Amino acid sequence: MSDDFGSTFVTISDDDGNQYELEHLDTIEYGDDLYMAFLPTELDENGNQPTEMVILKVVEENGEEIFETIDDDELMEKVYEAFMEQLFNDDGDFDDE
């Protein structure tokens, strides 16, 4: 467990220059790569926070870590399943009581 308290937020920009603020949920290694899961922080048209998770691959470019989208649907599904397993095991595993 981390000694840090509170959420971590990042702001990313798409290719069109639109900026999005995301709340970091978790980070995992899958295969030889590193992936991070986020939730958007902006409210939808009904004033609710979206619940769709955003998964981005972390790559190193010119000595700097950047985020990259995952274009392979099969890989995205596998990484999503790995995140869900880790999130639910971390938060809901009460078998040791």
# chains A, B, ... in the order shown; residues from 1 in each chain; ligands from 1
$ select_by_dssp --residues "chain A" --states "strand (DSSP E)" --output "number ranges by chain"
A: 9-13, 19-30, 33-40, 54-61, 64-68
$ write_last_selection --atoms "N, CA and C atoms" --output "mmCIF file, in the first residue's frame"
data_model
loop_
_atom_site.group_PDB
_atom_site.id
_atom_site.type_symbol
_atom_site.label_atom_id
_atom_site.label_comp_id
_atom_site.auth_asym_id
_atom_site.auth_seq_id
_atom_site.Cartn_x
_atom_site.Cartn_y
_atom_site.Cartn_z
ATOM 1 N N PHE A 9 -3.954 13.123 -10.650
ATOM 2 C CA PHE A 9 -4.606 13.578 -11.863
ATOM 3 C C PHE A 9 -3.561 13.942 -12.902
ATOM 4 N N VAL A 10 -3.863 13.644 -14.170
ATOM 5 C CA VAL A 10 -2.993 14.032 -15.271
ATOM 6 C C VAL A 10 -3.849 14.713 -16.320
ATOM 7 N N THR A 11 -3.233 15.610 -17.070
ATOM 8 C CA THR A 11 -3.892 16.250 -18.196
ATOM 9 C C THR A 11 -3.184 15.789 -19.452
ATOM 10 N N ILE A 12 -3.967 15.267 -20.401
ATOM 11 C CA ILE A 12 -3.399 14.817 -21.665
ATOM 12 C C ILE A 12 -4.030 15.610 -22.801
ATOM 13 N N SER A 13 -3.329 15.652 -23.926
ATOM 14 C CA SER A 13 -3.831 16.332 -25.124
ATOM 15 C C SER A 13 -3.902 15.336 -26.256
ATOM 16 N N GLN A 19 -7.670 19.074 -24.606
ATOM 17 C CA GLN A 19 -7.093 18.604 -23.355
ATOM 18 C C GLN A 19 -8.157 17.896 -22.513
ATOM 19 N N TYR A 20 -7.707 16.847 -21.811
ATOM 20 C CA TYR A 20 -8.574 16.052 -20.965
ATOM 21 C C TYR A 20 -7.880 15.813 -19.638
ATOM 22 N N GLU A 21 -8.619 15.983 -18.554
ATOM 23 C CA GLU A 21 -8.081 15.667 -17.239
ATOM 24 C C GLU A 21 -8.573 14.277 -16.848
ATOM 25 N N LEU A 22 -7.640 13.444 -16.402
ATOM 26 C CA LEU A 22 -7.935 12.062 -16.048
ATOM 27 C C LEU A 22 -7.450 11.774 -14.632
ATOM 28 N N GLU A 23 -8.212 10.941 -13.925
ATOM 29 C CA GLU A 23 -7.818 10.487 -12.591
ATOM 30 C C GLU A 23 -7.181 9.109 -12.714
ATOM 31 N N HIS A 24 -5.960 8.962 -12.214
ATOM 32 C CA HIS A 24 -5.235 7.699 -12.295
ATOM 33 C C HIS A 24 -5.838 6.679 -11.340
ATOM 34 N N LEU A 25 -6.179 5.503 -11.881
ATOM 35 C CA LEU A 25 -6.738 4.419 -11.075
ATOM 36 C C LEU A 25 -5.694 3.402 -10.665
ATOM 37 N N ASP A 26 -4.895 2.945 -11.660
ATOM 38 C CA ASP A 26 -3.969 1.848 -11.391
ATOM 39 C C ASP A 26 -2.966 1.744 -12.532
ATOM 40 N N THR A 27 -1.885 1.044 -12.266
ATOM 41 C CA THR A 27 -0.847 0.773 -13.268
ATOM 42 C C THR A 27 -0.524 -0.710 -13.204
ATOM 43 N N ILE A 28 -0.386 -1.332 -14.378
ATOM 44 C CA ILE A 28 0.002 -2.746 -14.417
ATOM 45 C C ILE A 28 1.036 -2.969 -15.506
ATOM 46 N N GLU A 29 1.773 -4.061 -15.344
ATOM 47 C CA GLU A 29 2.624 -4.569 -16.409
ATOM 48 C C GLU A 29 1.874 -5.717 -17.060
ATOM 49 N N TYR A 30 1.799 -5.692 -18.376
ATOM 50 C CA TYR A 30 1.177 -6.779 -19.114
ATOM 51 C C TYR A 30 2.129 -7.122 -20.253
ATOM 52 N N ASP A 33 5.088 -4.662 -21.439
ATOM 53 C CA ASP A 33 4.703 -3.256 -21.486
ATOM 54 C C ASP A 33 4.010 -2.810 -20.209
ATOM 55 N N LEU A 34 3.976 -1.487 -20.016
ATOM 56 C CA LEU A 34 3.361 -0.855 -18.865
ATOM 57 C C LEU A 34 2.098 -0.138 -19.329
ATOM 58 N N TYR A 35 0.997 -0.324 -18.581
ATOM 59 C CA TYR A 35 -0.277 0.295 -18.919
ATOM 60 C C TYR A 35 -0.824 1.013 -17.694
ATOM 61 N N MET A 36 -1.533 2.123 -17.944
ATOM 62 C CA MET A 36 -2.156 2.879 -16.865
ATOM 63 C C MET A 36 -3.644 3.026 -17.162
ATOM 64 N N ALA A 37 -4.460 2.908 -16.118
ATOM 65 C CA ALA A 37 -5.907 3.056 -16.238
ATOM 66 C C ALA A 37 -6.328 4.368 -15.574
ATOM 67 N N PHE A 38 -7.268 5.049 -16.222
ATOM 68 C CA PHE A 38 -7.745 6.349 -15.758
ATOM 69 C C PHE A 38 -9.264 6.428 -15.856
ATOM 70 N N LEU A 39 -9.846 7.374 -15.120
ATOM 71 C CA LEU A 39 -11.243 7.762 -15.292
ATOM 72 C C LEU A 39 -11.269 9.238 -15.679
ATOM 73 N N PRO A 40 -12.090 9.598 -16.662
ATOM 74 C CA PRO A 40 -12.235 11.023 -17.008
ATOM 75 C C PRO A 40 -12.815 11.782 -15.822
ATOM 76 N N VAL A 54 -10.343 4.590 -19.140
ATOM 77 C CA VAL A 54 -9.430 4.873 -20.243
ATOM 78 C C VAL A 54 -8.122 4.152 -19.942
ATOM 79 N N ILE A 55 -7.672 3.306 -20.868
ATOM 80 C CA ILE A 55 -6.408 2.583 -20.692
ATOM 81 C C ILE A 55 -5.419 3.074 -21.732
ATOM 82 N N LEU A 56 -4.242 3.461 -21.266
ATOM 83 C CA LEU A 56 -3.191 3.953 -22.153
ATOM 84 C C LEU A 56 -1.900 3.193 -21.893
ATOM 85 N N LYS A 57 -1.154 2.965 -22.954
ATOM 86 C CA LYS A 57 0.152 2.310 -22.870
ATOM 87 C C LYS A 57 1.204 3.382 -22.595
ATOM 88 N N VAL A 58 2.126 3.079 -21.697
ATOM 89 C CA VAL A 58 3.217 3.994 -21.380
ATOM 90 C C VAL A 58 4.427 3.589 -22.227
ATOM 91 N N VAL A 59 4.915 4.523 -23.035
ATOM 92 C CA VAL A 59 6.089 4.264 -23.866
ATOM 93 C C VAL A 59 7.122 5.356 -23.612
ATOM 94 N N GLU A 60 8.374 5.000 -23.827
ATOM 95 C CA GLU A 60 9.447 5.972 -23.663
ATOM 96 C C GLU A 60 9.852 6.488 -25.033
ATOM 97 N N GLU A 61 9.852 7.803 -25.163
ATOM 98 C CA GLU A 61 10.233 8.442 -26.424
ATOM 99 C C GLU A 61 11.166 9.600 -26.106
ATOM 100 N N GLU A 64 11.609 10.365 -22.472
ATOM 101 C CA GLU A 64 10.425 10.862 -21.772
ATOM 102 C C GLU A 64 9.297 9.848 -21.883
ATOM 103 N N GLU A 65 8.554 9.651 -20.792
ATOM 104 C CA GLU A 65 7.413 8.748 -20.826
ATOM 105 C C GLU A 65 6.216 9.466 -21.424
ATOM 106 N N ILE A 66 5.581 8.828 -22.414
ATOM 107 C CA ILE A 66 4.369 9.383 -23.021
ATOM 108 C C ILE A 66 3.297 8.300 -23.038
ATOM 109 N N PHE A 67 2.063 8.719 -23.240
ATOM 110 C CA PHE A 67 0.940 7.790 -23.333
ATOM 111 C C PHE A 67 0.605 7.541 -24.784
ATOM 112 N N GLU A 68 0.226 6.290 -25.054
ATOM 113 C CA GLU A 68 -0.137 5.881 -26.405
ATOM 114 C C GLU A 68 -1.441 5.089 -26.330
#
$ select_by_dssp --residues "chain A" --states "alpha helix (DSSP H)" --output "PyMOL selection string"
chain A and resi 73-92
$ atom_distance --atom1 "atom CA of Gln86 of chain A" --atom2 "atom CA of Thr51 of chain A"
17.4 Å
$ closest_residue --among "A:Asn89, A:Ala82, A:Asn62, A:Asn18" --to "Gly31 of chain A" --atoms "only C-alpha atoms"
A:Ala82
$ atom_distance --atom1 "atom CA of Gly47 of chain A" --atom2 "atom CA of Tyr80 of chain A"
26.0 Å
$ atom_distance --atom1 "atom CA of Leu43 of chain A" --atom2 "atom CA of Glu74 of chain A"
29.0 Å
